[in-house]
Each structure stands twice: as C-alpha cells, then as structure tokens.
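Only one structure is covered here, and it is reproduced in the block below.
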Amino acid sequence: MLVALAASEAVMTQPYVKQRTHNAIATLEFFHPAQNSLPGGILRELADGVSEAGRDAAVKVVVLQSGGARAFCAGASFDELAAIEDARAGERFFGGFANVINAMRKCPKLIIGRVQGKAVGGGVGLAAAVDYCLASKHAAIKLSELSLGIGPFVVGPAVERKMGVSAMSQMTLDADTFYDAEWARQKGLYAQVLDSNEALDRAVRTLADKLSRYNPDATREIKSTLWRGCEDWDALLAQRAAISGQLALSEFTQSALRKQIDSGKPAG
C-alpha cells in the first residue's frame, strides 16, 4: 500500500483543478506539486469551479479537497509573491484568494471540506470558508503571513467567522507555530478529526450522501442563513487584498520570501 501510494504521488507533477459529479455530489480537487500551494491559475480555477457547481442543477452538495495524501494546502505561491512588481499586481494576486472565498460564500450549495494534512495561510482560509469541515489528525494549521511581513488580511474574516477573534489573533501573532488538529476542532474550524485518511474519506462520503438527500430548497436557505452578515465581503476582501498587495512589495517581505525560496520551502 505504501509503495503504491508513493508511486502514485511520484507521477503527480503537474498542477490541476479537477471537478467530477456523481450522485448529485460535485467533488472539486486541486493539486500543486509544491505541497498544494495556490498560484493564481489554481485560484482562478477554484473560484470558477465553485461557481459552476453552484449553478449546476444536478449538484446538491460540493466537496472541496486537495490531491495527494500529505499537505492539504501550503498557502500562497512564494514564487508568484516574489515576482510581484507593483501594488496592482499584488492586489490581483491576493484578490484570487478573495474570489475563492467569496465564491464559496455565494455558492447556494453546501460545501464540505476534506483536510487530510497541514494547512497554512490561504489553506486555513479555504478550510474556514467551507460550510462543514472534516479533517485527519495530521491536519495541523498555521497562519504564517506575519512572519513574512504581510498578515492574514484576506483570509482573516473567514477564519474569524469560524474560529472567533481570540483563536484568529493567537494564530496570527504566533505566526511560526503549527496548531494541531484537535486544537482546531476545539476552536470550531473542524467539525470532526479522524484517525486516518481512510476514515476521513468514509466520513466525507457519509455526510455528503446524507446532505444530498435533503430538500435542496431547505439547504439553500440554511446556507444563506449561515452566512448572514457577510454581505459586504466583496468590498471588504478587495480592500484586504489591496493591503496585502502593497505589503508584498516591502523589502522585509521580499527578503523573507527570498530566504524561503532559497531554503527550498515551497509556500507558507
């Protein structure tokens, strides 16, 4: 089993976003060889995929997951961050995260998150923006942005909504620390923490099957109710993206990114 898994992951070298629908459940999967980091292309495809699933009458439930058995999402692409040359380009890059979160917020279908491994920065934002998140015991989380001279401005509203100001501020200020999956469950990010990826997959399938049989009118109204009070996020997250884009140009951030890239760390 371990050999087969290693061989399977070895051939996964090209980034992708894939979507498939079966029994009214749309599964949206993203992958990047750099620990499932999120360059602009993947962010655009994720936002489009979520919106498409929301419009598809054949879809009742959406499952968001990443490929591979290790990291769920390592956050922003360091290469793209380091290549930002002006504030407008920075705003566009961070606007990609804003677009994904807002697409998830506006999607009329309930979204289940499957988090099989570590989530950093934008990955924590994705986990916070789903409607119900299931994770493995390996799914530790970290908001590393402040250590890079930026801050979790775009993902912050989603994280704060799900986990509260106290937990969000703790992770933000303690930017070098991974918090384990059980801590994340206690703070409200994860609904359940499973002992293995196999158990995680069973739990995701069971929940998705159950939700797909509910009255779609009722689940649509529930989704709207759960996100009440977030109607200003189009403007709010755009403003936050502009702040992040400006900070990404600082010498502090560019120096920190160069050190991370030189060390071989893919994202954070």
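By convention in this document, the chains of the structure tokens carry letters A, B, ... by their order, each chain's residues are numbered from 1, and ligands are numbered from 1 in the order they are shown.
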Residues within 8 Å of A:Met168, please, as a list of chain:residue names. Count only C-alpha atoms; anything in the same chain fewer than 6 positions from it doesn't count.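 Near A:Met168, the qualifying residues are A:Gly156, A:Val159, A:Glu160.
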State, in Å with one decimal place, the distance from atom CA of A:Lys142 to atom CA of A:Lys187.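 Result for atom CA of A:Lys142 versus atom CA of A:Lys187: 13.5 Å, one decimal.
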Contacts of A:Leu64 at 10 Å (only C-alpha atoms; same-chain gap of 6+ positions) as a list in words: Gln19, Ala26, Thr27, Leu28, Glu29, Phe30, Leu46, Val50, Ile111, Ile112, Gly113, Arg114, Val115, Leu126, Ala127, Val130 and Cys133 of chain A
Residue among A:Ala82, A:Ala203, A:Pro108, A:Leu236 lying closest to A:Thr219, counting only C-alpha atoms: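 Closest candidate: A:Pro108.
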Which residues come within 10 Å of A:Ala47, counting only C-alpha atoms, excluding same-chain residues fewer than 2 positions away, as JSON, numbers by chain? {"A": [42, 43, 44, 45, 49, 50, 51, 52, 96, 97, 98, 99, 100, 101, 102, 103, 104]}
Resulting file, chosen residues, C-alpha atoms, as a CSV table (one decimal), in the first residue's frame:
chain,number,residue,atom,x,y,z
A,42,ILE,CA,-5.3,27.5,-9.4
A,43,LEU,CA,-7.1,30.2,-7.5
A,44,ARG,CA,-9.0,31.3,-10.7
A,45,GLU,CA,-10.0,27.7,-11.5
A,49,GLY,CA,-15.3,25.6,-10.2
A,50,VAL,CA,-17.2,26.6,-7.1
A,51,SER,CA,-19.4,29.0,-9.1
A,52,GLU,CA,-20.1,26.4,-11.7
A,96,GLY,CA,-7.5,35.4,-6.2
A,97,PHE,CA,-7.9,34.3,-2.6
A,98,ALA,CA,-10.8,36.8,-2.1
A,99,ASN,CA,-12.5,35.5,-5.2
A,100,VAL,CA,-12.4,31.8,-4.0
A,101,ILE,CA,-13.7,32.7,-0.5
A,102,ASN,CA,-16.5,34.9,-2.0
A,103,ALA,CA,-17.4,32.1,-4.5
A,104,MET,CA,-17.8,29.7,-1.6
Contacts of A:Gln14 at 12 Å (only C-alpha atoms; same-chain gap of 2+ positions) as number ranges by chain: A: 9-12, 16-17, 30-36, 42, 67
Stretch 42-207 of chain A: which residues are strand (DSSP E or B) by DSSP, as a list of chain:residue names?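 After running DSSP on the backbone, stretch 42-207 of chain A has strand (DSSP E or B) at A:Val61, A:Val62, A:Val63, A:Leu64, A:Gln65, A:Ser66, A:Cys73, A:Ala76, A:Ser77, A:Leu110, A:Ile111, A:Ile112, A:Gly113, A:Arg114, A:Val115, A:Ala119, A:Val120, A:Tyr132, A:Cys133, A:Leu134, A:Ala135, A:Ser136, A:Ile141, A:Lys142, A:Tyr179, A:Gln192, A:Val193, A:Leu194.
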To one decimal place in Å, what is the distance between atom CA of A:Asp176 and atom CA of A:Asp234?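 A separation of 29.5 Å between them.
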Considering only C-alpha atoms, can you say which of A:Ala158, A:Val193, A:Ala235, A:Ala87 comes closest to A:Ala181?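 Of A:Ala158, A:Val193, A:Ala235, A:Ala87, the one nearest A:Ala181, counting only C-alpha atoms, is A:Val193.
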List as a PDB file with N, CA and C atoms, in the first residue's frame the protein and nucleic acid residues near A:Leu247, meaning an atom at most 9 Å away when only C-alpha atoms are counted, but skip any in the same chain fewer than 2 places from it.
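That gives us result_37.pdb:
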ATOM      1  N   ALA A  87       1.900  47.414  -6.835  1.00  0.00           N
ATOM      2  CA  ALA A  87       0.768  47.216  -5.935  1.00  0.00           C
ATOM      3  C   ALA A  87      -0.440  46.621  -6.646  1.00  0.00           C
ATOM      4  N   GLY A  90       0.040  42.962  -6.983  1.00  0.00           N
ATOM      5  CA  GLY A  90      -0.147  42.345  -5.678  1.00  0.00           C
ATOM      6  C   GLY A  90      -1.610  42.233  -5.303  1.00  0.00           C
ATOM      7  N   GLY A 149       5.964  39.348   6.796  1.00  0.00           N
ATOM      8  CA  GLY A 149       5.781  40.783   6.669  1.00  0.00           C
ATOM      9  C   GLY A 149       4.463  41.186   6.055  1.00  0.00           C
ATOM     10  N   ILE A 150       3.516  40.248   5.972  1.00  0.00           N
ATOM     11  CA  ILE A 150       2.207  40.584   5.380  1.00  0.00           C
ATOM     12  C   ILE A 150       1.152  40.512   6.492  1.00  0.00           C
ATOM     13  N   GLY A 151       0.384  39.467   6.538  1.00  0.00           N
ATOM     14  CA  GLY A 151      -0.693  39.310   7.510  1.00  0.00           C
ATOM     15  C   GLY A 151      -1.852  38.596   6.846  1.00  0.00           C
ATOM     16  N   ALA A 242      -5.841  44.606  -1.374  1.00  0.00           N
ATOM     17  CA  ALA A 242      -5.017  45.771  -1.688  1.00  0.00           C
ATOM     18  C   ALA A 242      -3.968  46.002  -0.605  1.00  0.00           C
ATOM     19  N   ILE A 243      -4.348  45.813   0.658  1.00  0.00           N
ATOM     20  CA  ILE A 243      -3.383  45.955   1.755  1.00  0.00           C
ATOM     21  C   ILE A 243      -2.268  44.918   1.617  1.00  0.00           C
ATOM     22  N   SER A 244      -2.647  43.668   1.387  1.00  0.00           N
ATOM     23  CA  SER A 244      -1.653  42.604   1.245  1.00  0.00           C
ATOM     24  C   SER A 244      -0.752  42.849   0.045  1.00  0.00           C
ATOM     25  N   GLY A 245      -1.348  43.286  -1.061  1.00  0.00           N
ATOM     26  CA  GLY A 245      -0.574  43.544  -2.256  1.00  0.00           C
ATOM     27  C   GLY A 245       0.470  44.626  -2.053  1.00  0.00           C
ATOM     28  N   LEU A 249       5.267  44.227  -1.440  1.00  0.00           N
ATOM     29  CA  LEU A 249       6.351  44.939  -2.112  1.00  0.00           C
ATOM     30  C   LEU A 249       7.455  45.372  -1.158  1.00  0.00           C
ATOM     31  N   SER A 250       7.219  45.266   0.139  1.00  0.00           N
ATOM     32  CA  SER A 250       8.193  45.762   1.108  1.00  0.00           C
ATOM     33  C   SER A 250       9.492  44.971   1.037  1.00  0.00           C
ATOM     34  N   PHE A 252      11.171  43.989   3.537  1.00  0.00           N
ATOM     35  CA  PHE A 252      11.074  42.920   4.542  1.00  0.00           C
ATOM     36  C   PHE A 252      10.483  41.667   3.925  1.00  0.00           C
ATOM     37  N   THR A 253       9.348  41.827   3.246  1.00  0.00           N
ATOM     38  CA  THR A 253       8.668  40.663   2.676  1.00  0.00           C
ATOM     39  C   THR A 253       9.479  40.045   1.546  1.00  0.00           C
TER      40      THR A 253
END
Quick one: of A:Arg20, A:Lys109, A:His138, A:Lys259, who's nearest to A:Ala71, counting only C-alpha atoms?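 Closest residue, counting only C-alpha atoms: A:His138.
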Pick the closest to A:Ala119 from A:Thr225, A:Gln246, A:Ser37, A:Thr206: which is it, counting only C-alpha atoms?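 Distance minimum relative to A:Ala119 lands on A:Ser37.
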Helix (DSSP H, G or I) per DSSP on the backbone: members of stretch 70-137 of chain A, as a JSON list (two decimals) with C-alpha atoms, in the first residue's frame:
[["chain", "number", "residue", "atom", "x", "y", "z"],
["A", 78, "PHE", "CA", 6.15, 32.01, -2.90],
["A", 79, "ASP", "CA", 7.39, 32.23, -6.49],
["A", 80, "GLU", "CA", 4.43, 34.37, -7.52],
["A", 81, "LEU", "CA", 4.67, 36.51, -4.38],
["A", 82, "ALA", "CA", 8.34, 37.19, -5.03],
["A", 87, "ALA", "CA", 0.77, 47.22, -5.94],
["A", 88, "ARG", "CA", -1.80, 46.48, -8.64],
["A", 89, "ALA", "CA", -0.22, 43.10, -9.40],
["A", 90, "GLY", "CA", -0.15, 42.35, -5.68],
["A", 91, "GLU", "CA", -3.80, 43.25, -5.32],
["A", 92, "ARG", "CA", -4.69, 40.97, -8.25],
["A", 93, "PHE", "CA", -2.78, 38.06, -6.72],
["A", 94, "PHE", "CA", -4.40, 38.34, -3.29],
["A", 95, "GLY", "CA", -7.70, 39.05, -5.00],
["A", 96, "GLY", "CA", -7.52, 35.44, -6.18],
["A", 97, "PHE", "CA", -7.94, 34.27, -2.58],
["A", 98, "ALA", "CA", -10.76, 36.78, -2.10],
["A", 99, "ASN", "CA", -12.53, 35.46, -5.19],
["A", 100, "VAL", "CA", -12.39, 31.85, -3.98],
["A", 101, "ILE", "CA", -13.71, 32.72, -0.52],
["A", 102, "ASN", "CA", -16.50, 34.85, -1.96],
["A", 103, "ALA", "CA", -17.41, 32.14, -4.47],
["A", 104, "MET", "CA", -17.75, 29.68, -1.58],
["A", 105, "ARG", "CA", -19.79, 32.19, 0.39],
["A", 106, "LYS", "CA", -22.17, 32.83, -2.52],
["A", 122, "GLY", "CA", -4.61, 30.55, 2.47],
["A", 123, "GLY", "CA", -5.18, 26.84, 3.15],
["A", 124, "VAL", "CA", -6.62, 27.75, 6.54],
["A", 125, "GLY", "CA", -8.81, 30.28, 4.75],
["A", 126, "LEU", "CA", -10.19, 27.57, 2.45],
["A", 127, "ALA", "CA", -10.94, 25.32, 5.41],
["A", 128, "ALA", "CA", -12.68, 28.17, 7.19],
["A", 129, "ALA", "CA", -14.81, 29.10, 4.16]]
Counting only C-alpha atoms, figure out which residue out of A:Thr172, A:Gln239, A:Ser136, A:Ser212 gets nearest to A:Ser196.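 Among the listed residues, A:Ser136 lies closest to A:Ser196.
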